[in-house]
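coords-v7.txt, holding compact mmCIF, C-alpha atoms:
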```txt
# COMPACT_ATOMS: atom_id res chain seq x y z
CA MET A 1 0.00 0.00 0.00
CA ALA A 2 1.36 3.42 -0.99
CA PRO A 3 2.21 5.78 1.86
CA PRO A 4 -0.31 8.58 2.45
CA LEU A 5 0.22 11.73 0.42
CA LYS A 6 1.46 14.76 2.34
CA VAL A 7 -0.26 18.05 1.58
CA CYS A 8 0.97 21.64 1.90
CA ILE A 9 -1.18 24.71 1.35
CA VAL A 10 0.96 27.57 0.04
CA GLY A 11 -0.98 30.60 1.25
CA SER A 12 -3.29 31.44 4.11
CA GLY A 13 -5.49 34.38 3.22
CA ASN A 14 -9.29 34.26 3.10
CA TRP A 15 -9.58 31.66 0.31
CA GLY A 16 -6.47 29.80 1.44
CA SER A 17 -7.91 29.36 4.92
CA VAL A 18 -11.22 28.11 3.52
CA ILE A 19 -9.36 25.55 1.42
CA GLY A 20 -7.36 24.62 4.52
CA LYS A 21 -10.61 23.83 6.29
CA ILE A 22 -11.80 21.58 3.45
CA ILE A 23 -8.48 19.78 3.00
CA GLY A 24 -7.96 19.35 6.73
CA GLU A 25 -11.37 17.73 7.18
CA ASN A 26 -10.90 15.46 4.15
CA ALA A 27 -7.33 14.46 5.07
CA ALA A 28 -8.46 13.47 8.54
CA GLU A 29 -10.96 11.00 7.04
CA ASN A 30 -9.31 9.77 3.82
CA LYS A 31 -6.40 7.34 4.24
CA MET A 32 -5.04 8.37 0.84
CA PHE A 33 -3.68 11.51 2.54
CA ASP A 34 -1.49 12.18 5.56
CA SER A 35 -3.72 13.48 8.33
CA THR A 36 -1.44 16.45 9.10
CA VAL A 37 -1.85 19.32 6.63
CA TYR A 38 0.75 22.07 6.65
CA MET A 39 -0.30 25.61 5.74
CA TRP A 40 2.35 28.21 5.03
CA VAL A 41 1.42 31.45 6.79
CA PHE A 42 3.19 34.73 6.10
CA GLU A 43 4.00 35.68 9.68
CA GLU A 44 2.45 38.86 11.03
CA LEU A 45 1.35 40.17 14.38
CA VAL A 46 -2.32 40.39 15.31
CA ASN A 47 -2.94 42.26 18.57
CA GLY A 48 0.65 41.57 19.56
CA ARG A 49 0.52 37.82 18.88
CA LYS A 50 1.99 35.84 15.99
CA LEU A 51 -0.69 34.78 13.53
CA THR A 52 0.75 31.24 13.34
CA GLU A 53 0.52 30.93 17.10
CA ILE A 54 -3.13 32.03 17.06
CA ILE A 55 -4.01 29.56 14.29
CA ASN A 56 -2.25 26.66 16.00
CA THR A 57 -3.77 27.30 19.43
CA GLU A 58 -7.21 28.71 18.64
CA HIS A 59 -7.59 27.00 15.23
CA GLU A 60 -8.86 30.15 13.60
CA ASN A 61 -7.34 32.60 11.15
CA VAL A 62 -8.61 35.62 13.06
CA LYS A 63 -7.29 38.10 10.49
CA TYR A 64 -8.44 36.62 7.18
CA LEU A 65 -11.23 34.19 8.09
CA PRO A 66 -12.58 35.29 11.48
CA GLY A 67 -15.35 33.24 13.04
CA CYS A 68 -14.53 30.03 11.17
CA LYS A 69 -12.79 27.21 12.99
CA LEU A 70 -10.05 25.28 11.19
CA PRO A 71 -9.47 21.58 11.86
CA ALA A 72 -6.82 20.92 14.51
CA ASN A 73 -4.80 18.88 11.99
CA VAL A 74 -4.13 22.02 9.90
CA VAL A 75 -0.78 23.27 11.17
CA ALA A 76 0.32 26.84 10.43
CA VAL A 77 4.03 27.09 9.56
CA PRO A 78 5.83 30.46 9.16
CA GLY A 79 8.69 29.05 7.07
CA LEU A 80 7.80 28.33 3.44
CA LEU A 81 10.43 25.61 2.99
CA ASP A 82 9.55 23.98 6.31
CA ALA A 83 5.93 23.73 5.20
CA ALA A 84 6.53 22.53 1.63
CA ARG A 85 9.75 20.48 1.61
CA ASP A 86 8.19 17.03 2.09
CA ALA A 87 4.86 17.66 0.38
CA ASP A 88 3.47 15.35 -2.30
CA ILE A 89 0.72 17.84 -3.16
CA LEU A 90 1.26 21.61 -3.19
CA VAL A 91 -1.88 23.75 -3.16
CA PHE A 92 -1.07 27.29 -4.30
CA VAL A 93 -3.53 29.95 -3.14
CA MET A 94 -2.24 33.52 -2.85
CA PRO A 95 -2.39 36.83 -4.77
CA HIS A 96 -0.87 36.20 -8.17
CA GLN A 97 1.57 39.10 -7.78
CA PHE A 98 3.57 37.01 -5.27
CA ILE A 99 3.73 33.64 -7.04
CA ARG A 100 7.06 34.10 -8.83
CA GLU A 101 9.07 35.05 -5.72
CA THR A 102 7.39 32.21 -3.83
CA CYS A 103 8.34 29.68 -6.51
CA ASP A 104 11.88 31.04 -6.66
CA GLU A 105 12.24 30.26 -2.95
CA LEU A 106 10.83 26.75 -3.45
CA LYS A 107 12.98 25.96 -6.49
CA GLY A 108 15.19 22.94 -5.89
CA GLN A 109 13.78 22.44 -2.40
CA ILE A 110 10.71 20.26 -3.06
CA LYS A 111 10.05 16.74 -4.28
CA LEU A 112 10.20 16.56 -8.08
CA SER A 113 7.49 13.89 -7.85
CA SER A 114 5.08 16.31 -6.18
CA ILE A 115 2.05 17.65 -8.02
CA GLY A 116 0.71 21.17 -7.83
CA VAL A 117 -2.73 22.71 -8.05
CA SER A 118 -3.21 26.44 -8.48
CA LEU A 119 -6.27 28.22 -7.12
CA ILE A 120 -4.77 31.57 -8.10
CA LYS A 121 -6.94 33.77 -10.31
CA GLY A 122 -4.63 35.93 -12.37
CA ILE A 123 -2.14 35.99 -15.23
CA GLU A 124 1.38 37.27 -15.74
CA VAL A 125 2.51 39.35 -18.70
CA GLY A 126 5.95 40.40 -19.90
CA SER A 127 7.50 41.51 -23.16
CA TYR A 128 6.83 37.96 -24.41
CA GLY A 129 3.09 38.26 -23.87
CA LEU A 130 0.76 36.26 -21.62
CA LYS A 131 1.92 33.58 -19.20
CA LEU A 132 -0.40 31.56 -16.99
CA ILE A 133 0.28 31.27 -13.27
CA SER A 134 0.30 27.49 -13.62
CA ASP A 135 3.05 27.87 -16.23
CA VAL A 136 5.13 30.00 -13.85
CA ILE A 137 4.83 27.27 -11.20
CA ARG A 138 5.45 24.45 -13.68
CA GLU A 139 8.49 26.03 -15.31
CA THR A 140 10.09 27.21 -12.06
CA LEU A 141 9.56 24.06 -10.00
CA GLY A 142 9.58 21.39 -12.71
CA ILE A 143 6.35 19.75 -11.53
CA GLU A 144 2.96 19.08 -13.13
CA VAL A 145 0.31 21.64 -12.21
CA SER A 146 -3.48 21.51 -12.41
CA VAL A 147 -5.91 24.33 -11.58
CA LEU A 148 -9.15 24.78 -9.66
CA MET A 149 -11.53 27.63 -10.58
CA GLY A 150 -15.23 28.16 -9.99
CA ALA A 151 -18.10 30.11 -8.48
CA ASN A 152 -16.64 29.97 -5.00
CA LEU A 153 -17.17 33.07 -2.87
CA ALA A 154 -14.93 32.16 0.04
CA ASN A 155 -17.17 32.97 2.98
CA GLU A 156 -20.05 30.99 1.49
CA VAL A 157 -17.79 27.97 0.97
CA ALA A 158 -16.56 28.31 4.55
CA ALA A 159 -20.17 28.29 5.74
CA GLU A 160 -20.67 25.05 3.76
CA LYS A 161 -23.29 26.52 1.46
CA PHE A 162 -23.57 24.35 -1.64
CA CYS A 163 -21.42 25.27 -4.63
CA GLU A 164 -19.51 23.76 -7.55
CA SER A 165 -16.02 24.20 -8.94
CA THR A 166 -13.92 23.00 -11.88
CA ILE A 167 -10.60 21.18 -11.80
CA GLY A 168 -8.61 21.67 -14.99
CA ALA A 169 -6.09 18.84 -15.27
CA ALA A 170 -4.22 17.81 -18.40
CA ASN A 171 -3.25 14.72 -16.40
CA ILE A 172 -6.64 13.22 -15.56
CA GLU A 173 -5.16 10.88 -12.92
CA HIS A 174 -3.88 13.91 -11.05
CA GLY A 175 -7.32 15.45 -11.42
CA LYS A 176 -8.86 12.42 -9.74
CA ILE A 177 -6.45 12.66 -6.80
CA LEU A 178 -7.21 16.35 -6.38
CA LYS A 179 -10.94 15.65 -6.50
CA GLU A 180 -10.48 13.14 -3.65
CA LEU A 181 -8.62 15.78 -1.68
CA LEU A 182 -11.00 18.69 -2.25
CA GLN A 183 -14.54 17.46 -2.88
CA THR A 184 -17.17 17.51 -0.13
CA ARG A 185 -20.95 17.10 -0.08
CA ASN A 186 -21.32 20.86 -0.47
CA PHE A 187 -18.26 21.54 -2.66
CA ARG A 188 -18.80 19.45 -5.78
CA LEU A 189 -16.15 19.20 -8.45
CA ARG A 190 -15.90 18.28 -12.12
CA VAL A 191 -12.57 17.41 -13.77
CA VAL A 192 -11.91 18.60 -17.33
CA GLU A 193 -8.77 18.41 -19.47
CA GLU A 194 -8.79 22.00 -20.80
CA ALA A 195 -6.77 23.38 -17.90
CA ASP A 196 -5.55 26.53 -19.70
CA ALA A 197 -9.09 27.61 -20.59
CA VAL A 198 -10.26 26.96 -17.03
CA GLU A 199 -7.43 29.09 -15.64
CA ILE A 200 -7.89 32.02 -18.01
CA CYS A 201 -11.62 32.15 -17.24
CA GLY A 202 -10.77 32.37 -13.54
CA ALA A 203 -8.61 35.43 -14.15
CA LEU A 204 -10.81 37.31 -16.62
CA LYS A 205 -14.03 37.20 -14.62
CA ASN A 206 -12.54 39.57 -12.03
CA VAL A 207 -12.17 42.27 -14.68
CA VAL A 208 -15.78 41.86 -15.80
CA ALA A 209 -16.86 42.06 -12.15
CA MET A 210 -15.18 45.46 -11.88
CA GLY A 211 -17.43 46.63 -14.72
CA ALA A 212 -20.48 45.24 -12.93
CA GLY A 213 -19.47 47.12 -9.80
CA PHE A 214 -19.02 50.37 -11.71
CA CYS A 215 -22.58 50.02 -13.00
CA ASP A 216 -23.90 49.35 -9.50
CA GLY A 217 -22.11 52.41 -8.18
CA LEU A 218 -23.51 54.54 -10.99
CA GLY A 219 -27.06 53.43 -10.21
CA TYR A 220 -27.74 51.25 -13.24
CA GLY A 221 -30.07 48.30 -12.77
CA ASP A 222 -30.08 44.56 -13.28
CA ASN A 223 -30.67 44.88 -17.02
CA THR A 224 -27.39 46.75 -17.38
CA LYS A 225 -25.56 44.27 -15.19
CA ALA A 226 -26.93 41.43 -17.30
CA ALA A 227 -25.48 43.17 -20.36
CA VAL A 228 -22.12 43.51 -18.61
CA ILE A 229 -22.17 39.80 -17.84
CA ARG A 230 -23.13 38.82 -21.40
CA LEU A 231 -20.67 41.13 -23.14
CA GLY A 232 -18.00 40.27 -20.61
CA LEU A 233 -18.55 36.58 -21.28
CA MET A 234 -18.22 37.16 -25.02
CA GLU A 235 -14.87 38.92 -24.47
CA MET A 236 -13.78 36.11 -22.13
CA ILE A 237 -14.57 33.48 -24.77
CA ALA A 238 -12.73 35.43 -27.48
CA PHE A 239 -9.68 35.97 -25.25
CA VAL A 240 -9.55 32.30 -24.19
CA ARG A 241 -9.73 31.08 -27.78
CA LEU A 242 -7.05 33.55 -28.79
CA HIS A 243 -4.61 32.31 -26.16
CA CYS A 244 -5.28 28.56 -25.90
CA GLU A 245 -3.78 26.02 -28.24
CA GLY A 246 -6.24 23.77 -30.01
CA LEU A 247 -10.03 23.79 -29.96
CA VAL A 248 -11.73 25.04 -26.80
CA PRO A 249 -15.23 23.52 -26.66
CA ASP A 250 -18.23 25.69 -25.81
CA SER A 251 -18.94 23.36 -22.89
CA ILE A 252 -15.98 24.78 -20.93
CA PHE A 253 -17.75 28.13 -20.61
CA LEU A 254 -20.79 26.34 -19.14
CA GLU A 255 -18.68 24.80 -16.36
CA SER A 256 -18.48 26.42 -12.94
CA CYS A 257 -15.22 28.11 -13.99
CA GLY A 258 -17.06 29.94 -16.76
CA VAL A 259 -20.50 31.52 -16.65
CA ALA A 260 -21.23 30.41 -13.06
CA ASP A 261 -18.08 32.04 -11.66
CA LEU A 262 -18.78 35.14 -13.70
CA ILE A 263 -22.32 35.51 -12.35
CA ALA A 264 -21.31 34.89 -8.75
CA THR A 265 -18.46 37.39 -8.93
CA CYS A 266 -20.56 40.06 -10.64
CA TYR A 267 -23.13 39.88 -7.84
CA GLY A 268 -21.19 38.93 -4.73
CA GLY A 269 -17.42 39.20 -5.10
CA ARG A 270 -14.97 41.69 -3.64
CA ASN A 271 -14.06 43.10 -7.07
CA ARG A 272 -17.66 44.10 -7.69
CA LYS A 273 -18.02 45.49 -4.18
CA ILE A 274 -14.94 47.70 -4.33
CA ALA A 275 -15.71 48.85 -7.87
CA GLU A 276 -19.13 50.00 -6.65
CA VAL A 277 -17.57 52.07 -3.85
CA PHE A 278 -14.94 53.38 -6.28
CA ALA A 279 -17.72 54.68 -8.55
CA LYS A 280 -19.63 56.23 -5.65
CA THR A 281 -16.75 57.85 -3.75
CA GLY A 282 -13.92 58.49 -6.17
CA LYS A 283 -11.45 56.94 -3.72
CA SER A 284 -8.46 55.15 -5.26
CA ILE A 285 -8.31 51.38 -5.60
CA LYS A 286 -5.31 51.32 -3.24
CA GLN A 287 -7.19 53.27 -0.58
CA LEU A 288 -10.22 50.99 -0.87
CA GLU A 289 -8.03 47.88 -0.57
CA GLU A 290 -6.65 49.23 2.69
CA GLU A 291 -10.07 50.17 4.02
CA MET A 292 -12.09 47.16 2.87
CA LEU A 293 -9.79 44.16 2.36
CA ASN A 294 -7.83 44.11 5.63
CA GLY A 295 -4.50 44.15 3.84
CA GLN A 296 -5.39 41.78 0.99
CA LYS A 297 -5.02 42.67 -2.69
CA LEU A 298 -7.75 43.04 -5.30
CA GLN A 299 -7.16 40.90 -8.39
CA GLY A 300 -9.38 42.62 -10.99
CA PRO A 301 -7.39 45.84 -11.53
CA GLN A 302 -4.05 44.04 -11.68
CA THR A 303 -5.42 41.53 -14.18
CA ALA A 304 -6.81 44.43 -16.24
CA ILE A 305 -3.25 45.79 -16.56
CA GLU A 306 -1.96 42.45 -17.74
CA ILE A 307 -4.79 41.92 -20.23
CA ASN A 308 -4.31 45.40 -21.65
CA HIS A 309 -0.58 44.84 -22.08
CA THR A 310 -1.24 41.57 -23.88
CA LEU A 311 -3.82 43.13 -26.19
CA LYS A 312 -1.50 46.02 -27.02
CA LEU A 313 1.23 43.58 -28.02
CA GLN A 314 -1.27 41.93 -30.37
CA ASN A 315 -2.87 45.19 -31.58
CA LEU A 316 -6.27 43.96 -30.40
CA VAL A 317 -7.27 46.57 -27.82
CA ASN A 318 -10.29 47.73 -29.83
CA LYS A 319 -11.68 44.19 -30.01
CA PHE A 320 -12.11 44.07 -26.21
CA PRO A 321 -13.79 47.36 -25.21
CA LEU A 322 -15.08 46.20 -21.81
CA PHE A 323 -11.68 44.93 -20.66
CA THR A 324 -10.11 48.11 -22.01
CA ALA A 325 -12.57 50.45 -20.28
CA VAL A 326 -11.94 48.81 -16.89
CA TYR A 327 -8.20 49.32 -17.36
CA GLN A 328 -8.61 52.95 -18.45
CA ILE A 329 -10.89 53.78 -15.52
CA CYS A 330 -8.57 52.18 -12.97
CA TYR A 331 -5.28 53.50 -14.34
CA GLU A 332 -5.73 56.24 -16.97
CA CYS A 333 -8.21 58.53 -15.19
CA LYS A 334 -11.04 57.75 -17.60
CA PRO A 335 -14.24 58.95 -15.85
CA VAL A 336 -16.16 56.01 -14.45
CA SER A 337 -19.34 57.68 -15.68
CA GLU A 338 -18.22 56.84 -19.22
CA PHE A 339 -18.12 53.08 -18.62
CA VAL A 340 -21.56 52.55 -20.14
CA LYS A 341 -20.22 53.82 -23.50
CA CYS A 342 -18.18 50.63 -23.90
CA LEU A 343 -21.46 48.72 -23.66
CA GLN A 344 -23.41 51.02 -25.98
CA ASP A 345 -20.71 50.92 -28.68
CA HIS A 346 -19.68 47.29 -28.23
CA PRO A 347 -18.86 45.48 -31.50
CA GLU A 348 -21.35 42.76 -30.51
CA HIS A 349 -24.05 45.24 -31.53
CA LYS A 350 -22.73 45.88 -35.03
```
Mind converting the file's structure to structure tokens?
Amino acid sequence: MAPPLKVCIVGSGNWGSVIGKIIGENAAENKMFDSTVYMWVFEELVNGRKLTEIINTEHENVKYLPGCKLPANVVAVPGLLDAARDADILVFVMPHQFIRETCDELKGQIKLSSIGVSLIKGIEVGSYGLKLISDVIRETLGIEVSVLMGANLANEVAAEKFCESTIGAANIEHGKILKELLQTRNFRLRVVEEADAVEICGALKNVVAMGAGFCDGLGYGDNTKAAVIRLGLMEMIAFVRLHCEGLVPDSIFLESCGVADLIATCYGGRNRKIAEVFAKTGKSIKQLEEEMLNGQKLQGPQTAIEINHTLKLQNLVNKFPLFTAVYQICYECKPVSEFVKCLQDHPEHK
């Protein structure tokens, strides 16, 4: 009988702590996995106490997931290498801006037989164009990486309200292992092979949600938000097909990672919420992050930068007016009141 698989969660914010709860409960019951789950926690002080100490004694991430108890077998570790060195499964869940430096620290220090799964919703862009977060992990660490994306507002998942999600795994056997690790009665998973499409959908929906929030802040109704969702989905589909090799079936966009995640985020996510306040108050995104996210980073604006850079490299900015308008409003001082123009003049209407 194979030894149980050791699991490390790389990240411990709101979503990372929720995933820690799920994995901890499953690992305690499923003999396929080692019952002790290590969670790397970026050490910080909360009311004069180390966050790792609080998690390991009170079994609660009081800063990023207050009021939700974590299983006692989830052990917070302040050292990244100490947490990850012996892991057979690495679960990456952190703001995408920090993934490269994290992987650089892990390089050469982990099992080459380990498998990764990224829950990170974002992309990276350089002079070469677009690079997926899973590619950054794969190329830096030399391991196979799957992804998990879906309509998963973290606090609802923590409260065990029913939802679905999508595992994108080019290696279906790895997908099956990850499904064993992550699925519960109220967190149901489907495994598909089109991992790149699943991952890109997870990043793009945050940009569309910013547009939905702008409309909420400007006082538009549900009809307008429905248009944002539809036009945003059309741009998502076009962008995915532009950047994925091979045929991407329509069915991918009907998975939880596609239209379901888009709807949930445009009605309930943090990107929508902050965009609404941005439109109402005129405060900067940075100021709103500090006031509303307790130190965490918003993914929509950063992803909008990366999408815009990619589209400029390909001379396709005009083909994606909704994505472009979100970028211009966040970073080029375009008045938020003009957002509706990108809907009125959208090429879908010509």
Could you check the closest approach to Gly142 (chain A) for each of A:Ala158, A:Val74, A:Ile115, A:Leu288 and tell me which residue wins, using all atoms listed in the file? A:Ile115
Could you list, as a VMD selection string, every residue within 7 Å of region 320-323 of chain A, counting all atoms listed in the file and ignoring same-chain residues fewer than 4 positions away? chain A and resid 207 232 235 304 327 342 346
May I have the protein, DNA and RNA residues with an atom at most 12 Å from (-6.3, 48.1, -25.6), counting only C-alpha atoms in the file's coordinates, returned as a PyMOL selection string? chain A and resi 304-328+332
Kindly indicate which residue among A:Ser251, A:Ser256, A:Gln299, A:Asn73 lies nearest to Ile274 (chain A), using all atoms listed in the file for the distances.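 When distances to Ile274 (chain A) are compared using all atoms listed in the file, the smallest one comes from A:Gln299.
Every protein, DNA or RNA residue with an atom at most 7 Å from Val192 (chain A), where only C-alpha atoms count and chain neighbours fewer than 4 positions away do not, is listed here: A:Ile167, A:Gly168, A:Ala169.
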Could you save those same residues with C-alpha atoms as an mmCIF file, in the coordinates of the input?
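Below you can see out.cif, which holds the result:
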```
data_model
loop_
_atom_site.group_PDB
_atom_site.id
_atom_site.type_symbol
_atom_site.label_atom_id
_atom_site.label_comp_id
_atom_site.auth_asym_id
_atom_site.auth_seq_id
_atom_site.Cartn_x
_atom_site.Cartn_y
_atom_site.Cartn_z
ATOM 1 C CA ILE A 167 -10.600 21.180 -11.800
ATOM 2 C CA GLY A 168 -8.610 21.670 -14.990
ATOM 3 C CA ALA A 169 -6.090 18.840 -15.270
#
```
For Met1 (chain A), please output as a PDB file with C-alpha atoms, keeping the file's coordinate frame all residues within 12 Å (counting all atoms listed in the file; exclusion window: fewer than 3 positions along the same chain).
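Final output, saved to selection.pdb:
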```pdb
ATOM      1  CA  PRO A   4      -0.310   8.580   2.450  1.00  0.00           C
ATOM      2  CA  LEU A   5       0.220  11.730   0.420  1.00  0.00           C
ATOM      3  CA  LYS A  31      -6.400   7.340   4.240  1.00  0.00           C
ATOM      4  CA  MET A  32      -5.040   8.370   0.840  1.00  0.00           C
TER       5      MET A  32
END
```
What is the distance between CA of Lys131 (chain A) and CA of Pro95 (chain A), in Å to one decimal?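 Distance reported for this atom pair: 15.4 Å.
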Option closest in space to Leu148 (chain A), from A:Pro66, A:Gly246, A:Pro71, A:Gly258 [counting all atoms listed in the file]: A:Gly258
